[in-house]
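Asks: Quick one: structure below, then a few questions.
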Amino acid sequence: METVLVRIGTDARVTIQAQGVTGPGCHDLTRGLERALGRTVADRPTPEFFQEESVHVGNAARGG
Amino acid sequence: MSHIAEIELDVTDLETLAEAAARVGLELALGQRTYRWFGQSVGDYPLPHGFTVDDLGRCEHALRVPEPHPRGAPPYEIGVVRRRDERPGYLLLWDSWLGGYGLEARVGKECVALRQQYAAAMTRREAARQGFAIHEQSAEDGSILFQLVR
């Protein structure tokens, strides 16, 4: 599940946080919203950002 | 969390601005070419980039209090004008002397209440367009919080 948290302060400053996406792909999740709202003036990665994206393929998924 | 972005708001969409204006008790008058103000610059505030004193009072659209005001000075209005710097969208020009005769009570100092509502309206629009389920609440400090899930 992908989650985006948005906080709009009483000074109209906006903070956007992505959750549930590892790696740099998290920017794809928030890019549209960031552009719709204005100009990104700061962007800080969190520990989850540096986790590698992985795809698990189980044996049961292999068919003949 | 994977990243945190801070956004400086740009007002770029008139439909969203109209929605935000309605939330603070104003209406957007499309095509209104002048806005009510003192009528004469006293030079107490710097003008936006690319604007001169002759531009004051002129606009492309205006935000105004919709109901009539039979007694006292009518509220000033907000001019909506295209920016003349490198950034997209519109500027909101208004005369805040004496609170713009009731205008500031609705839009906040430097229009922050109106701009907060614009950001919220744009968040709702863009999130819906992208297929997010939208959960909204107000924080004790007056912030507006959204949890967008898909």
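Order determines the names: the first chain of the structure tokens is A, the second B, and so forth; residues in each chain are numbered 1 upward, and ligands are numbered 1 upward as they are shown.
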Taking only C-alpha atoms into account, which residues of chain B are within 8 Å of chain A, as a ChimeraX atom specification?
Replies: /B:1-11,112-113,115-116,119-120,122-123,126-127,141-150
Asks: Could you turn the residues from that selection into a file that holds C-alpha atoms, as an mmCIF file, in the first residue's frame?
Replies:
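Result file follows (again27.cif):
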data_model
loop_
_atom_site.group_PDB
_atom_site.id
_atom_site.type_symbol
_atom_site.label_atom_id
_atom_site.label_comp_id
_atom_site.auth_asym_id
_atom_site.auth_seq_id
_atom_site.Cartn_x
_atom_site.Cartn_y
_atom_site.Cartn_z
ATOM 1 C CA MET B 1 8.942 7.109 5.260
ATOM 2 C CA SER B 2 11.220 7.388 2.318
ATOM 3 C CA HIS B 3 11.493 11.110 1.776
ATOM 4 C CA ILE B 4 10.109 14.381 3.019
ATOM 5 C CA ALA B 5 9.579 17.290 0.633
ATOM 6 C CA GLU B 6 8.807 20.882 1.571
ATOM 7 C CA ILE B 7 6.810 22.863 -0.957
ATOM 8 C CA GLU B 8 6.548 26.602 -1.467
ATOM 9 C CA LEU B 9 3.043 27.153 -2.753
ATOM 10 C CA ASP B 10 2.276 28.651 -6.175
ATOM 11 C CA VAL B 11 -1.266 29.738 -7.040
ATOM 12 C CA VAL B 112 -2.131 32.862 4.532
ATOM 13 C CA ALA B 113 -5.598 31.496 5.392
ATOM 14 C CA ARG B 115 -3.385 30.195 0.602
ATOM 15 C CA GLN B 116 -3.755 27.350 3.094
ATOM 16 C CA ALA B 119 -3.191 24.189 -0.946
ATOM 17 C CA ALA B 120 -5.843 21.952 0.623
ATOM 18 C CA MET B 122 -5.309 21.492 -4.771
ATOM 19 C CA THR B 123 -4.291 18.472 -2.666
ATOM 20 C CA GLU B 126 -4.657 16.133 -7.434
ATOM 21 C CA ALA B 127 -5.044 13.217 -5.036
ATOM 22 C CA ASP B 141 -2.336 24.046 15.676
ATOM 23 C CA GLY B 142 -4.593 24.832 12.706
ATOM 24 C CA SER B 143 -2.688 22.751 10.179
ATOM 25 C CA ILE B 144 -4.656 20.675 7.675
ATOM 26 C CA LEU B 145 -3.537 17.034 7.505
ATOM 27 C CA PHE B 146 -4.144 14.600 4.661
ATOM 28 C CA GLN B 147 -3.489 10.884 4.532
ATOM 29 C CA LEU B 148 -3.636 9.731 0.915
ATOM 30 C CA VAL B 149 -3.726 5.972 0.341
ATOM 31 C CA ARG B 150 -3.902 3.724 -2.721
#
Asks: So that I can check the surroundings of Arg64 in chain B, please list as a PyMOL selection string every protein, DNA and RNA residue that reaches within 8 Å of it, counting only C-alpha atoms and ignoring chain neighbours fewer than 6 positions away.
Replies: chain B and resi 26-29+75-78
Asks: Keeping only N, CA and C atoms, take the residues you just selected and write them out as a tab-separated table (two decimals), in the first residue's frame.
Replies:
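The resulting file, out-v4.tsv, is shown below:
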chain	number	residue	atom	x	y	z
B	26	LEU	N	-15.20	34.33	0.27
B	26	LEU	CA	-15.01	35.24	-0.86
B	26	LEU	C	-15.51	34.57	-2.13
B	27	GLU	N	-15.69	35.37	-3.17
B	27	GLU	CA	-16.00	34.81	-4.48
B	27	GLU	C	-14.99	35.32	-5.49
B	28	LEU	N	-14.68	34.48	-6.48
B	28	LEU	CA	-13.77	34.87	-7.55
B	28	LEU	C	-14.59	35.46	-8.69
B	29	ALA	N	-14.33	36.71	-9.03
B	29	ALA	CA	-15.02	37.37	-10.12
B	29	ALA	C	-14.10	37.30	-11.35
B	75	PRO	N	-15.57	46.29	2.13
B	75	PRO	CA	-14.25	45.67	2.18
B	75	PRO	C	-13.48	45.92	0.89
B	76	TYR	N	-12.17	46.03	1.04
B	76	TYR	CA	-11.33	46.06	-0.14
B	76	TYR	C	-11.41	44.71	-0.85
B	77	GLU	N	-10.82	44.65	-2.04
B	77	GLU	CA	-10.84	43.43	-2.84
B	77	GLU	C	-9.41	42.99	-3.15
B	78	ILE	N	-9.26	41.78	-3.65
B	78	ILE	CA	-7.94	41.22	-3.98
B	78	ILE	C	-7.83	41.11	-5.49
Asks: May I have all residues of chain B that DSSP, computed from the backbone, assigns to strand (DSSP E), given as a count of residues only?
Replies: 36
Asks: Residues of range 35-149 of chain B classed as alpha helix (DSSP H) by DSSP on the backbone are to be reported as a PyMOL selection string.
Replies: chain B and resi 103-107+112-129
